[in-house]
>>> print(open('upload_27.cif').read())   # mmCIF, N, CA and C atoms
data_coords
loop_
_atom_site.label_atom_id
_atom_site.label_comp_id
_atom_site.auth_asym_id
_atom_site.auth_seq_id
_atom_site.Cartn_x
_atom_site.Cartn_y
_atom_site.Cartn_z
N MET S 1 -209.07 229.67 31.17
CA MET S 1 -208.16 230.19 30.18
C MET S 1 -208.90 230.26 28.84
N LEU S 2 -208.77 231.40 28.18
CA LEU S 2 -209.36 231.57 26.85
C LEU S 2 -208.30 231.20 25.82
N VAL S 3 -208.72 230.67 24.69
CA VAL S 3 -207.77 230.14 23.71
C VAL S 3 -207.98 230.82 22.36
N LEU S 4 -206.87 231.28 21.77
CA LEU S 4 -206.93 231.85 20.43
C LEU S 4 -207.02 230.73 19.41
N PRO S 5 -207.64 230.99 18.27
CA PRO S 5 -207.68 229.99 17.21
C PRO S 5 -206.33 229.87 16.51
N ALA S 6 -206.23 228.95 15.57
CA ALA S 6 -204.98 228.73 14.84
C ALA S 6 -204.65 229.91 13.92
N GLU S 7 -205.66 230.65 13.49
CA GLU S 7 -205.43 231.77 12.57
C GLU S 7 -206.14 233.03 13.07
N VAL S 8 -205.37 234.11 13.16
CA VAL S 8 -205.94 235.42 13.47
C VAL S 8 -205.25 236.43 12.54
N THR S 9 -205.98 236.74 11.47
CA THR S 9 -205.52 237.77 10.54
C THR S 9 -206.61 238.83 10.47
N GLN S 10 -206.43 239.81 9.65
CA GLN S 10 -207.39 240.90 9.58
C GLN S 10 -208.81 240.40 9.34
N SER S 11 -208.97 239.36 8.54
CA SER S 11 -210.32 238.89 8.22
C SER S 11 -211.00 238.19 9.40
N GLN S 12 -210.25 237.67 10.36
CA GLN S 12 -210.85 237.00 11.52
C GLN S 12 -210.82 237.86 12.78
N ALA S 13 -210.13 238.97 12.77
CA ALA S 13 -209.87 239.74 13.99
C ALA S 13 -211.15 240.19 14.70
N GLU S 14 -212.09 240.72 13.97
CA GLU S 14 -213.31 241.25 14.59
C GLU S 14 -214.11 240.13 15.28
N THR S 15 -214.25 239.01 14.62
CA THR S 15 -214.98 237.88 15.20
C THR S 15 -214.25 237.33 16.41
N CYS S 16 -212.93 237.18 16.29
CA CYS S 16 -212.12 236.67 17.39
C CYS S 16 -212.24 237.59 18.61
N LEU S 17 -212.14 238.88 18.40
CA LEU S 17 -212.25 239.83 19.50
C LEU S 17 -213.62 239.76 20.16
N ALA S 18 -214.66 239.66 19.37
CA ALA S 18 -216.02 239.58 19.92
C ALA S 18 -216.16 238.34 20.81
N LEU S 19 -215.63 237.21 20.38
CA LEU S 19 -215.70 235.99 21.17
C LEU S 19 -214.91 236.11 22.46
N LEU S 20 -213.70 236.67 22.37
CA LEU S 20 -212.88 236.85 23.57
C LEU S 20 -213.53 237.81 24.55
N ARG S 21 -214.10 238.90 24.04
CA ARG S 21 -214.78 239.87 24.91
C ARG S 21 -215.92 239.22 25.68
N THR S 22 -216.73 238.48 24.97
CA THR S 22 -217.88 237.82 25.59
C THR S 22 -217.42 236.86 26.69
N ALA S 23 -216.42 236.06 26.38
CA ALA S 23 -215.92 235.08 27.35
C ALA S 23 -215.26 235.77 28.54
N ALA S 24 -214.49 236.82 28.29
CA ALA S 24 -213.79 237.52 29.37
C ALA S 24 -214.78 238.21 30.29
N ARG S 25 -215.80 238.82 29.72
CA ARG S 25 -216.81 239.50 30.55
C ARG S 25 -217.63 238.51 31.36
N ALA S 26 -217.85 237.33 30.82
CA ALA S 26 -218.63 236.31 31.53
C ALA S 26 -217.82 235.64 32.64
N SER S 27 -216.51 235.71 32.55
CA SER S 27 -215.65 235.04 33.53
C SER S 27 -215.71 235.73 34.89
N ARG S 28 -215.76 234.95 35.94
CA ARG S 28 -215.74 235.48 37.30
C ARG S 28 -214.33 235.53 37.86
N GLU S 29 -213.36 235.11 37.05
CA GLU S 29 -211.96 235.13 37.47
C GLU S 29 -211.44 236.56 37.52
N GLY S 30 -210.50 236.80 38.42
CA GLY S 30 -209.89 238.13 38.52
C GLY S 30 -208.80 238.35 37.50
N GLU S 31 -208.38 237.28 36.85
CA GLU S 31 -207.34 237.38 35.82
C GLU S 31 -207.80 236.61 34.59
N ILE S 32 -207.69 237.25 33.46
CA ILE S 32 -208.01 236.61 32.19
C ILE S 32 -206.69 236.24 31.53
N VAL S 33 -206.53 234.96 31.24
CA VAL S 33 -205.33 234.47 30.57
C VAL S 33 -205.74 233.98 29.19
N ILE S 34 -205.05 234.48 28.19
CA ILE S 34 -205.29 234.08 26.80
C ILE S 34 -204.19 233.12 26.38
N ASP S 35 -204.56 231.94 25.95
CA ASP S 35 -203.59 230.97 25.46
C ASP S 35 -203.38 231.22 23.97
N ALA S 36 -202.18 231.68 23.63
CA ALA S 36 -201.86 232.00 22.24
C ALA S 36 -201.11 230.87 21.55
N ALA S 37 -200.85 229.77 22.26
CA ALA S 37 -200.07 228.67 21.69
C ALA S 37 -200.65 228.09 20.40
N PRO S 38 -201.98 228.02 20.24
CA PRO S 38 -202.51 227.45 18.99
C PRO S 38 -202.24 228.30 17.74
N LEU S 39 -201.86 229.56 17.91
CA LEU S 39 -201.65 230.43 16.74
C LEU S 39 -200.58 229.86 15.80
N GLU S 40 -200.97 229.71 14.55
CA GLU S 40 -200.03 229.26 13.52
C GLU S 40 -199.89 230.31 12.42
N ARG S 41 -201.02 230.94 12.07
CA ARG S 41 -201.03 231.96 11.02
C ARG S 41 -201.61 233.23 11.62
N PHE S 42 -200.86 234.30 11.54
CA PHE S 42 -201.33 235.56 12.11
C PHE S 42 -200.60 236.72 11.48
N ASP S 43 -201.18 237.90 11.66
CA ASP S 43 -200.52 239.13 11.27
C ASP S 43 -200.64 240.09 12.46
N SER S 44 -200.39 241.34 12.25
CA SER S 44 -200.43 242.30 13.36
C SER S 44 -201.84 242.43 13.96
N SER S 45 -202.84 241.95 13.25
CA SER S 45 -204.20 241.96 13.79
C SER S 45 -204.30 241.14 15.07
N ALA S 46 -203.49 240.10 15.20
CA ALA S 46 -203.50 239.29 16.42
C ALA S 46 -203.08 240.14 17.61
N LEU S 47 -202.09 241.00 17.42
CA LEU S 47 -201.67 241.92 18.49
C LEU S 47 -202.78 242.90 18.82
N ALA S 48 -203.44 243.41 17.79
CA ALA S 48 -204.54 244.36 18.02
C ALA S 48 -205.66 243.70 18.83
N VAL S 49 -205.96 242.46 18.53
CA VAL S 49 -206.99 241.73 19.28
C VAL S 49 -206.58 241.58 20.73
N LEU S 50 -205.33 241.17 20.97
CA LEU S 50 -204.86 240.99 22.35
C LEU S 50 -204.85 242.31 23.11
N LEU S 51 -204.42 243.38 22.47
CA LEU S 51 -204.38 244.68 23.14
C LEU S 51 -205.77 245.20 23.47
N GLU S 52 -206.71 245.01 22.56
CA GLU S 52 -208.08 245.46 22.82
C GLU S 52 -208.71 244.62 23.93
N CYS S 53 -208.44 243.33 23.92
CA CYS S 53 -208.95 242.47 24.98
C CYS S 53 -208.34 242.89 26.33
N ARG S 54 -207.06 243.23 26.32
CA ARG S 54 -206.41 243.72 27.54
C ARG S 54 -207.09 244.98 28.05
N ARG S 55 -207.37 245.93 27.15
CA ARG S 55 -208.05 247.17 27.54
C ARG S 55 -209.40 246.88 28.20
N ASP S 56 -210.15 245.97 27.60
CA ASP S 56 -211.46 245.61 28.15
C ASP S 56 -211.32 244.99 29.54
N CYS S 57 -210.37 244.08 29.68
CA CYS S 57 -210.17 243.41 30.97
C CYS S 57 -209.79 244.41 32.05
N LEU S 58 -208.87 245.30 31.74
CA LEU S 58 -208.45 246.30 32.72
C LEU S 58 -209.61 247.22 33.08
N ALA S 59 -210.42 247.58 32.10
CA ALA S 59 -211.59 248.43 32.36
C ALA S 59 -212.60 247.72 33.26
N ASP S 60 -212.64 246.38 33.17
CA ASP S 60 -213.53 245.59 34.02
C ASP S 60 -212.89 245.24 35.36
N GLY S 61 -211.68 245.76 35.62
CA GLY S 61 -211.00 245.50 36.89
C GLY S 61 -210.34 244.13 36.96
N LYS S 62 -210.05 243.54 35.82
CA LYS S 62 -209.41 242.22 35.78
C LYS S 62 -207.98 242.34 35.28
N ARG S 63 -207.12 241.47 35.78
CA ARG S 63 -205.74 241.40 35.28
C ARG S 63 -205.77 240.64 33.95
N PHE S 64 -204.72 240.80 33.17
CA PHE S 64 -204.66 240.20 31.84
C PHE S 64 -203.27 239.64 31.59
N ALA S 65 -203.21 238.46 31.00
CA ALA S 65 -201.92 237.87 30.64
C ALA S 65 -202.10 236.99 29.41
N VAL S 66 -201.00 236.75 28.73
CA VAL S 66 -200.98 235.88 27.57
C VAL S 66 -200.05 234.71 27.89
N ALA S 67 -200.51 233.50 27.61
CA ALA S 67 -199.69 232.30 27.81
C ALA S 67 -199.36 231.71 26.45
N GLY S 68 -198.19 231.11 26.36
CA GLY S 68 -197.81 230.39 25.15
C GLY S 68 -197.69 231.24 23.91
N MET S 69 -197.21 232.46 24.05
CA MET S 69 -197.11 233.34 22.89
C MET S 69 -196.05 232.78 21.92
N PRO S 70 -196.41 232.56 20.67
CA PRO S 70 -195.43 232.09 19.70
C PRO S 70 -194.28 233.09 19.56
N PRO S 71 -193.06 232.60 19.38
CA PRO S 71 -191.90 233.49 19.29
C PRO S 71 -192.06 234.60 18.24
N ARG S 72 -192.64 234.28 17.10
CA ARG S 72 -192.81 235.31 16.05
C ARG S 72 -193.75 236.41 16.50
N LEU S 73 -194.79 236.05 17.26
CA LEU S 73 -195.72 237.06 17.76
C LEU S 73 -195.04 237.91 18.83
N ALA S 74 -194.21 237.28 19.66
CA ALA S 74 -193.46 238.02 20.68
C ALA S 74 -192.49 239.01 20.02
N GLU S 75 -191.87 238.58 18.93
CA GLU S 75 -190.96 239.46 18.20
C GLU S 75 -191.72 240.65 17.61
N LEU S 76 -192.89 240.39 17.08
CA LEU S 76 -193.72 241.45 16.50
C LEU S 76 -194.15 242.43 17.59
N ALA S 77 -194.52 241.91 18.76
CA ALA S 77 -194.91 242.78 19.88
C ALA S 77 -193.74 243.65 20.31
N ALA S 78 -192.55 243.09 20.34
CA ALA S 78 -191.36 243.86 20.72
C ALA S 78 -191.06 244.93 19.66
N LEU S 79 -191.19 244.57 18.40
CA LEU S 79 -190.96 245.52 17.31
C LEU S 79 -191.90 246.71 17.40
N TYR S 80 -193.16 246.46 17.75
CA TYR S 80 -194.15 247.53 17.87
C TYR S 80 -194.11 248.23 19.22
N GLY S 81 -193.28 247.73 20.13
CA GLY S 81 -193.14 248.37 21.44
C GLY S 81 -194.28 248.09 22.40
N VAL S 82 -194.99 246.98 22.21
CA VAL S 82 -196.12 246.66 23.08
C VAL S 82 -195.90 245.38 23.90
N ALA S 83 -194.71 244.82 23.84
CA ALA S 83 -194.44 243.55 24.52
C ALA S 83 -194.71 243.65 26.01
N THR S 84 -194.36 244.76 26.65
CA THR S 84 -194.57 244.88 28.09
C THR S 84 -196.04 244.97 28.45
N LEU S 85 -196.88 245.38 27.51
CA LEU S 85 -198.32 245.46 27.78
C LEU S 85 -198.97 244.08 27.79
N LEU S 86 -198.33 243.13 27.14
CA LEU S 86 -198.87 241.78 27.05
C LEU S 86 -198.10 240.87 27.99
N ALA S 87 -198.36 241.01 29.27
CA ALA S 87 -197.68 240.19 30.27
C ALA S 87 -197.80 238.74 29.86
N THR S 88 -196.70 238.04 29.86
CA THR S 88 -196.73 236.65 29.40
C THR S 88 -196.54 235.67 30.54
N GLN S 89 -197.15 234.53 30.37
CA GLN S 89 -196.99 233.42 31.29
C GLN S 89 -196.43 232.26 30.49
N PRO S 90 -195.62 231.42 31.13
CA PRO S 90 -195.15 230.24 30.40
C PRO S 90 -196.32 229.30 30.12
N PRO S 91 -196.25 228.54 29.04
CA PRO S 91 -197.33 227.60 28.76
C PRO S 91 -197.41 226.55 29.86
N GLU S 92 -198.62 226.07 30.11
CA GLU S 92 -198.79 225.03 31.11
C GLU S 92 -198.21 223.73 30.58
N PRO S 93 -197.52 222.96 31.46
CA PRO S 93 -196.94 221.71 30.98
C PRO S 93 -198.03 220.69 30.61
N ALA S 94 -197.71 219.87 29.66
CA ALA S 94 -198.64 218.81 29.25
C ALA S 94 -198.76 217.79 30.37
N PRO S 95 -199.93 217.20 30.52
CA PRO S 95 -200.08 216.19 31.57
C PRO S 95 -199.16 215.01 31.34
N ALA S 96 -198.67 214.44 32.43
CA ALA S 96 -197.77 213.28 32.32
C ALA S 96 -198.55 212.07 31.83
N PRO S 97 -197.94 211.28 30.96
CA PRO S 97 -198.64 210.08 30.47
C PRO S 97 -198.86 209.10 31.61
N ASP S 98 -199.96 208.35 31.53
CA ASP S 98 -200.27 207.38 32.59
C ASP S 98 -199.40 206.16 32.52
#
>>> encode(input="upload_27.cif", output="structure tokens")
Amino acid sequence: MLVLPAEVTQSQAETCLALLRTAARASREGEIVIDAAPLERFDSSALAVLLECRRDCLADGKRFAVAGMPPRLAELAALYGVATLLATQPPEPAPAPD
């Protein structure tokens, strides 16, 4: 699973996308899952990063999904009409305490 940083705004988008592309292309998995749960500060650039990463994954023959999408980001995706393109998975449960 690839993980987004806490902040993805216009100033970080290009670097974030480059890192995700490199990791996704290096992965031997048939599905690339992006964990968006760490996102705290973001703008529409976060959606652009996810959509571009999705395009790359599909071009490489890999499935793409987003896990743990923050509610505000999901609302923004719905507003822009791209929510269905960002297939979502529920966040993985935290490990049980010993």
>>> residues_around(input="upload_27.cif", residues="Ala87 of chain S", least_positions_apart="2", cutoff="5 Å", atoms="all atoms listed in the file", output="list of chain:residue names")
S:Ala65, S:Val66, S:Thr84, S:Leu85, S:Gln89
>>> write_last_selection(input="upload_27.cif", atoms="N, CA and C atoms", output="mmCIF file, keeping the file's coordinate frame")
data_model
loop_
_atom_site.group_PDB
_atom_site.id
_atom_site.type_symbol
_atom_site.label_atom_id
_atom_site.label_comp_id
_atom_site.auth_asym_id
_atom_site.auth_seq_id
_atom_site.Cartn_x
_atom_site.Cartn_y
_atom_site.Cartn_z
ATOM 1 N N ALA S 65 -203.210 238.460 31.000
ATOM 2 C CA ALA S 65 -201.920 237.870 30.640
ATOM 3 C C ALA S 65 -202.100 236.990 29.410
ATOM 4 N N VAL S 66 -201.000 236.750 28.730
ATOM 5 C CA VAL S 66 -200.980 235.880 27.570
ATOM 6 C C VAL S 66 -200.050 234.710 27.890
ATOM 7 N N THR S 84 -194.360 244.760 26.650
ATOM 8 C CA THR S 84 -194.570 244.880 28.090
ATOM 9 C C THR S 84 -196.040 244.970 28.450
ATOM 10 N N LEU S 85 -196.880 245.380 27.510
ATOM 11 C CA LEU S 85 -198.320 245.460 27.780
ATOM 12 C C LEU S 85 -198.970 244.080 27.790
ATOM 13 N N GLN S 89 -197.150 234.530 30.370
ATOM 14 C CA GLN S 89 -196.990 233.420 31.290
ATOM 15 C C GLN S 89 -196.430 232.260 30.490
#
>>> resolve_selection(input="upload_27.cif", expression="the PyMOL selection byres (((chain S and resi 57 and name CA) around 12) and name CA)", output="VMD selection string")
chain S and resid 20 to 34 50 to 56 58 to 65
>>> resolve_selection(input="upload_27.cif", expression="the PyMOL selection byres ((chain S and resi 3-12) around 8)", output="mmCIF file with N, CA and C atoms, in the coordinates of the input")
data_model
loop_
_atom_site.group_PDB
_atom_site.id
_atom_site.type_symbol
_atom_site.label_atom_id
_atom_site.label_comp_id
_atom_site.auth_asym_id
_atom_site.auth_seq_id
_atom_site.Cartn_x
_atom_site.Cartn_y
_atom_site.Cartn_z
ATOM 1 N N MET S 1 -209.070 229.670 31.170
ATOM 2 C CA MET S 1 -208.160 230.190 30.180
ATOM 3 C C MET S 1 -208.900 230.260 28.840
ATOM 4 N N LEU S 2 -208.770 231.400 28.180
ATOM 5 C CA LEU S 2 -209.360 231.570 26.850
ATOM 6 C C LEU S 2 -208.300 231.200 25.820
ATOM 7 N N ALA S 13 -210.130 238.970 12.770
ATOM 8 C CA ALA S 13 -209.870 239.740 13.990
ATOM 9 C C ALA S 13 -211.150 240.190 14.700
ATOM 10 N N GLU S 14 -212.090 240.720 13.970
ATOM 11 C CA GLU S 14 -213.310 241.250 14.590
ATOM 12 C C GLU S 14 -214.110 240.130 15.280
ATOM 13 N N THR S 15 -214.250 239.010 14.620
ATOM 14 C CA THR S 15 -214.980 237.880 15.200
ATOM 15 C C THR S 15 -214.250 237.330 16.410
ATOM 16 N N CYS S 16 -212.930 237.180 16.290
ATOM 17 C CA CYS S 16 -212.120 236.670 17.390
ATOM 18 C C CYS S 16 -212.240 237.590 18.610
ATOM 19 N N LEU S 17 -212.140 238.880 18.400
ATOM 20 C CA LEU S 17 -212.250 239.830 19.500
ATOM 21 C C LEU S 17 -213.620 239.760 20.160
ATOM 22 N N ALA S 18 -214.660 239.660 19.370
ATOM 23 C CA ALA S 18 -216.020 239.580 19.920
ATOM 24 C C ALA S 18 -216.160 238.340 20.810
ATOM 25 N N LEU S 20 -213.700 236.670 22.370
ATOM 26 C CA LEU S 20 -212.880 236.850 23.570
ATOM 27 C C LEU S 20 -213.530 237.810 24.550
ATOM 28 N N VAL S 33 -206.530 234.960 31.240
ATOM 29 C CA VAL S 33 -205.330 234.470 30.570
ATOM 30 C C VAL S 33 -205.740 233.980 29.190
ATOM 31 N N ILE S 34 -205.050 234.480 28.190
ATOM 32 C CA ILE S 34 -205.290 234.080 26.800
ATOM 33 C C ILE S 34 -204.190 233.120 26.380
ATOM 34 N N ASP S 35 -204.560 231.940 25.950
ATOM 35 C CA ASP S 35 -203.590 230.970 25.460
ATOM 36 C C ASP S 35 -203.380 231.220 23.970
ATOM 37 N N ALA S 36 -202.180 231.680 23.630
ATOM 38 C CA ALA S 36 -201.860 232.000 22.240
ATOM 39 C C ALA S 36 -201.110 230.870 21.550
ATOM 40 N N ALA S 37 -200.850 229.770 22.260
ATOM 41 C CA ALA S 37 -200.070 228.670 21.690
ATOM 42 C C ALA S 37 -200.650 228.090 20.400
ATOM 43 N N PRO S 38 -201.980 228.020 20.240
ATOM 44 C CA PRO S 38 -202.510 227.450 18.990
ATOM 45 C C PRO S 38 -202.240 228.300 17.740
ATOM 46 N N LEU S 39 -201.860 229.560 17.910
ATOM 47 C CA LEU S 39 -201.650 230.430 16.740
ATOM 48 C C LEU S 39 -200.580 229.860 15.800
ATOM 49 N N GLU S 40 -200.970 229.710 14.550
ATOM 50 C CA GLU S 40 -200.030 229.260 13.520
ATOM 51 C C GLU S 40 -199.890 230.310 12.420
ATOM 52 N N ARG S 41 -201.020 230.940 12.070
ATOM 53 C CA ARG S 41 -201.030 231.960 11.020
ATOM 54 C C ARG S 41 -201.610 233.230 11.620
ATOM 55 N N PHE S 42 -200.860 234.300 11.540
ATOM 56 C CA PHE S 42 -201.330 235.560 12.110
ATOM 57 C C PHE S 42 -200.600 236.720 11.480
ATOM 58 N N ASP S 43 -201.180 237.900 11.660
ATOM 59 C CA ASP S 43 -200.520 239.130 11.270
ATOM 60 C C ASP S 43 -200.640 240.090 12.460
ATOM 61 N N SER S 44 -200.390 241.340 12.250
ATOM 62 C CA SER S 44 -200.430 242.300 13.360
ATOM 63 C C SER S 44 -201.840 242.430 13.960
ATOM 64 N N SER S 45 -202.840 241.950 13.250
ATOM 65 C CA SER S 45 -204.200 241.960 13.790
ATOM 66 C C SER S 45 -204.300 241.140 15.070
ATOM 67 N N ALA S 46 -203.490 240.100 15.200
ATOM 68 C CA ALA S 46 -203.500 239.290 16.420
ATOM 69 C C ALA S 46 -203.080 240.140 17.610
ATOM 70 N N LEU S 47 -202.090 241.000 17.420
ATOM 71 C CA LEU S 47 -201.670 241.920 18.490
ATOM 72 C C LEU S 47 -202.780 242.900 18.820
#
>>> select_by_dssp(input="upload_27.cif", residues="chain S", states="helix (DSSP H, G or I)", output="ChimeraX atom specification")
/S:10-26,44-59,71-80,83-85
>>> select_by_dssp(input="upload_27.cif", residues="segment 14-91 of chain S", states="strand (DSSP E or B)", output="VMD selection string")
chain S and resid 31 to 35 41 to 42 63 to 67 88 to 89
>>> write_last_selection(input="upload_27.cif", atoms="N, CA and C atoms", output="mmCIF file, keeping the file's coordinate frame")
data_model
loop_
_atom_site.group_PDB
_atom_site.id
_atom_site.type_symbol
_atom_site.label_atom_id
_atom_site.label_comp_id
_atom_site.auth_asym_id
_atom_site.auth_seq_id
_atom_site.Cartn_x
_atom_site.Cartn_y
_atom_site.Cartn_z
ATOM 1 N N GLU S 31 -208.380 237.280 36.850
ATOM 2 C CA GLU S 31 -207.340 237.380 35.820
ATOM 3 C C GLU S 31 -207.800 236.610 34.590
ATOM 4 N N ILE S 32 -207.690 237.250 33.460
ATOM 5 C CA ILE S 32 -208.010 236.610 32.190
ATOM 6 C C ILE S 32 -206.690 236.240 31.530
ATOM 7 N N VAL S 33 -206.530 234.960 31.240
ATOM 8 C CA VAL S 33 -205.330 234.470 30.570
ATOM 9 C C VAL S 33 -205.740 233.980 29.190
ATOM 10 N N ILE S 34 -205.050 234.480 28.190
ATOM 11 C CA ILE S 34 -205.290 234.080 26.800
ATOM 12 C C ILE S 34 -204.190 233.120 26.380
ATOM 13 N N ASP S 35 -204.560 231.940 25.950
ATOM 14 C CA ASP S 35 -203.590 230.970 25.460
ATOM 15 C C ASP S 35 -203.380 231.220 23.970
ATOM 16 N N ARG S 41 -201.020 230.940 12.070
ATOM 17 C CA ARG S 41 -201.030 231.960 11.020
ATOM 18 C C ARG S 41 -201.610 233.230 11.620
ATOM 19 N N PHE S 42 -200.860 234.300 11.540
ATOM 20 C CA PHE S 42 -201.330 235.560 12.110
ATOM 21 C C PHE S 42 -200.600 236.720 11.480
ATOM 22 N N ARG S 63 -207.120 241.470 35.780
ATOM 23 C CA ARG S 63 -205.740 241.400 35.280
ATOM 24 C C ARG S 63 -205.770 240.640 33.950
ATOM 25 N N PHE S 64 -204.720 240.800 33.170
ATOM 26 C CA PHE S 64 -204.660 240.200 31.840
ATOM 27 C C PHE S 64 -203.270 239.640 31.590
ATOM 28 N N ALA S 65 -203.210 238.460 31.000
ATOM 29 C CA ALA S 65 -201.920 237.870 30.640
ATOM 30 C C ALA S 65 -202.100 236.990 29.410
ATOM 31 N N VAL S 66 -201.000 236.750 28.730
ATOM 32 C CA VAL S 66 -200.980 235.880 27.570
ATOM 33 C C VAL S 66 -200.050 234.710 27.890
ATOM 34 N N ALA S 67 -200.510 233.500 27.610
ATOM 35 C CA ALA S 67 -199.690 232.300 27.810
ATOM 36 C C ALA S 67 -199.360 231.710 26.450
ATOM 37 N N THR S 88 -196.700 238.040 29.860
ATOM 38 C CA THR S 88 -196.730 236.650 29.400
ATOM 39 C C THR S 88 -196.540 235.670 30.540
ATOM 40 N N GLN S 89 -197.150 234.530 30.370
ATOM 41 C CA GLN S 89 -196.990 233.420 31.290
ATOM 42 C C GLN S 89 -196.430 232.260 30.490
#
>>> atom_distance(input="upload_27.cif", atom1="atom N of Tyr80 of chain S", atom2="atom CA of Ala67 of chain S")
18.6 Å
>>> atom_distance(input="upload_27.cif", atom1="atom C of Leu86 of chain S", atom2="atom N of Pro70 of chain S")
11.2 Å
